[in-house]
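Colleague: First the structure, then my questions, so here it is.
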Number of protein chains: 2
Amino acid sequence: MSKPRSRRGGGRPTLADVARKAGVGAITVSRALREPGRVSEDLRRQIQAAVDELGYVPDPNARALASARAEVFGVLVPSLTNNVFAEVVRGIYDSLSDSPFRIQIGNTHYSGLEEERLLQVFGSQRPAALIVAGIDQTPGARRLLENAGCPVVQVMETGPDPVDMMVGFSHFDGGRTAAGHLLQAGYRKIGFIGARMDPRSQRRLAGYRAAMEAAGLFDPRLITTTPVPSSVTLGRELFRDALAKMPTLDGVFCNNDDIALGVLFECHRASIDVPKQIGIVGFNDLDMMQVSFPSITSVRTHRYEIGTRAVALALAAIAGNPPEQRIVDLGFELMRRESTAR
Amino acid sequence: MSKPRSRRGGGRPTLADVARKAGVGAITVSRALREPGRVSEDLRRQIQAAVDELGYVPDPNARALASARAEVFGVLVPSLTNNVFAEVVRGIYDSLSDSPFRIQIGNTHYSGLEEERLLQVFGSQRPAALIVAGIDQTPGARRLLENAGCPVVQVMETGPDPVDMMVGFSHFDGGRTAAGHLLQAGYRKIGFIGARMDPRSQRRLAGYRAAMEAAGLFDPRLITTTPVPSSVTLGRELFRDALAKMPTLDGVFCNNDDIALGVLFECHRASIDVPKQIGIVGFNDLDMMQVSFPSITSVRTHRYEIGTRAVALALAAIAGNPPEQRIVDLGFELMRRESTAR
DNA sequence: GCCTTGTATGGTAGCGCTACCATTTGTCTG
DNA sequence: CAGACAAATGGTAGCGCTACCATACAAGGC
């Protein structure tokens, strides 16, 4: 005549089972697990023993339903394979691995509408925090973020008007620094090669343009871009296009390192001397930039740190200590290498 | 005298609100949303109108609690930044983007214990399916998978003893094919260079060894490995080590493409002719392999497809149509390029 | 006509947990 | 020592949804 062991549950132990075994009330068990400080040493031990013996694991769904707050971080990135975002996501995972928070990643595929849709989905889960890449949300997405009822961190870049908090750096400055470096190294006909051209790439381009204009050397024909996703192969092709369009090119600032590598390979293939004939600067400073031959100058960005800092900000806000400084600029660092040393 | 609008919920519309507005029972709304076929055309339209008007979004937590089954795919991978897994994950995301299923990713950091811990966490959510990388689970992890009560797909490689289903290919064969190709091209002192050396790398090494032994050319001094995570930089260093150890080396099979690229760059730097003096074969066939100069022969693996097929299998099993063939071998393809054409 | 069978809908009772509000006890004040 | 107050514990009532079991009614079989 065993009690009819809940028809659905599948028989896993519940809070009530633990409470019964430990001889206390269910709420006390709940508290012992969530706020150990509020339960006496004695009971805590007793409860822990019961938990261990039964192999009790709290049901996050029940928890979320009862508390109207899921222990979930929603993370929205435009790509899962782009190393840049993968690094950010890794930083987020590592920072959260010892916390009770789970992570829910959404892939927006660089689409504002998709971002909005995912925000809708994520919102229905009442996440503990939201981390989104970029600052160019659609008005609808922005509204969803503002009404999310949880800390929001926009990552990858900084801007004047955060929804809540921000961690990143200025892509405009990054682009300007890269182009400035080429100018300083004596290059004159400096091209810009970019793929995908998301908002951040656009701002790097704007920075490049500002530097070139300041030097009185800007020419729109120096710019070669495509909306196609970036790849090493594409870098090679775009460089050939650029060269065909402007044979006197003597330098290129590449939107990212994949492109830069493609350019380098094409230079090898076409026997173009780097850095003598062409100077190359990449963006992000992936590992391979320092090993290539010649090594490639690149703008190092702190991607992993963007992830960890974003989590730190969100965690502080969740704990009720919203940071004084809501915008964190992690900057970047120009890594001078052989590809621009002539 | 408005009714005391649930103290917690935050006032978002619920199923009951929709039901009231549509003038039907709550269950009917629930059904209309989940099994439209079981509700009359008429009511369905009425309900949809109410849903739209209220902006109702179902609460996945409540749903999971009530049905003892969350619409979540748990995915366990050893790394988030390794392009190989990123591609698999992308395939999973893309295949699931139009389904009601969410995705929960866990990063095991190549640790069996971490995998076991994450499986425990995931299990508490009663996921709809579990996708895990690799076939070398700890006994504890294996038990958790067997008792997960949901479809399980092991991905990346095939093996004789699936927990449930499997999608991948034989890394042993991949390694043997790569080494065999170098042998066939006339290389003799063929080294193996590998980093990280996870179980799949070990099997590629075993395949390499089998080919070399069959040719009577195996020598343990040809093998250079490290447990350190793979990178282009590391490829360069390991190659230098290998060359120092065995100056007559005339070919290398690299554990993966990062390593191969590092080897190529070092060859450039040391003026070693590829493919004349050294033949290079990589593994995975990343985009850059076909663009590098010289282009690098590599074993192409179908990473994205592994993700999509894994989802297809799981979805079929969820729908009650477990596939006849529980092991799907997606194979691989040797891409012959300049780096081994002498 | 009665009974079966099937289809469309609804009511009730939880799922496992926590918010809110007691209640109990011990300690401190004047 | 009464009263105030804090600390520790517990009971009750949901959170928003779905499983399970009615119920109502139409269609069909004899």
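Ligands are numbered from 1 in the order shown, chains are lettered A, B, ... in the order of the structure tokens, and residues start at 1 in each chain.
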Hey, which bits of chain B sit within 6 Å of chain A, and for each residue what's the closest pair of atoms and how far apart in Å (one decimal), counting only C-alpha atoms, rows by chain and increasing number, as a tab-separated table?

Modeller:
```
residue	atom	partner	partner_atom	distance
B:Asp59	CA	A:Ser124	CA	5.6
B:Asn61	CA	A:Asn61	CA	4.8
B:Ala62	CA	A:Leu65	CA	5.8
B:Leu65	CA	A:Asn61	CA	5.8
B:Thr81	CA	A:Ala86	CA	5.2
B:Ala86	CA	A:Thr81	CA	5.2
B:Gln104	CA	A:Gln104	CA	5.9
B:Ser124	CA	A:Asp59	CA	5.7
B:Val232	CA	A:Met288	CA	5.4
B:Thr233	CA	A:Val291	CA	5.7
B:Phe265	CA	A:Ser292	CA	5.5
B:Met288	CA	A:Val232	CA	5.4
B:Val291	CA	A:Thr233	CA	5.7
B:Ser292	CA	A:Phe265	CA	5.5
B:Phe293	CA	A:Phe265	CA	5.6
```

Colleague: Residues of the last selection are to be written out with C-alpha atoms, as a PDB file, in the first residue's frame.

Modeller:
```pdb
ATOM      1  CA  ASP B  59       5.872  30.192 -19.464  1.00  0.00           C
ATOM      2  CA  ASN B  61       8.955  26.822 -16.542  1.00  0.00           C
ATOM      3  CA  ALA B  62       5.351  26.221 -15.703  1.00  0.00           C
ATOM      4  CA  LEU B  65       6.811  21.605 -14.223  1.00  0.00           C
ATOM      5  CA  THR B  81      36.117  28.063 -28.884  1.00  0.00           C
ATOM      6  CA  ALA B  86      31.462  25.440 -32.578  1.00  0.00           C
ATOM      7  CA  GLN B 104      21.326  24.337 -23.017  1.00  0.00           C
ATOM      8  CA  SER B 124      17.433  17.929 -13.096  1.00  0.00           C
ATOM      9  CA  VAL B 232      48.855  27.728 -34.278  1.00  0.00           C
ATOM     10  CA  THR B 233      51.710  28.917 -32.086  1.00  0.00           C
ATOM     11  CA  PHE B 265      54.539  29.051 -41.039  1.00  0.00           C
ATOM     12  CA  MET B 288      41.995  28.491 -44.508  1.00  0.00           C
ATOM     13  CA  VAL B 291      43.785  29.313 -49.277  1.00  0.00           C
ATOM     14  CA  SER B 292      47.125  29.028 -47.580  1.00  0.00           C
ATOM     15  CA  PHE B 293      50.269  29.110 -49.651  1.00  0.00           C
TER      16      PHE B 293
END
```

Colleague: Determine which residues of chain C sit within 12 Å of chain B, taking into account only C-alpha atoms (C1' of nucleotides), and present them as a ChimeraX atom specification.

Modeller: /C:7-20

Colleague: Would you work out the distance separating CA of Asn321 (chain A) from CA of Met166 (chain A), expressed in Å to one decimal?

Modeller: 15.6 Å

Colleague: How many Å separate C1' of DA24 (chain D) from C1' of DT5 (chain C)?

Modeller: 14.1 Å

Colleague: Between CA of Gly251 (chain A) and CA of Ala341 (chain A), what is the distance, to one decimal in Å?

Modeller: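 Going from CA of Gly251 (chain A) over to CA of Ala341 (chain A) covers 11.6 Å.
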
Colleague: Please identify which residues in region 18-113 of chain B DSSP calls strand (DSSP E or B) from the backbone, and express them as a ChimeraX atom specification.

Modeller: /B:72-77,102-107

Colleague: For chain A, work out the contacting residues on chain D at 10 Å, counting only C-alpha atoms (C1' of nucleotides), and write them as a PyMOL selection string.

Modeller: chain D and resi 7-11+14-17+19-20
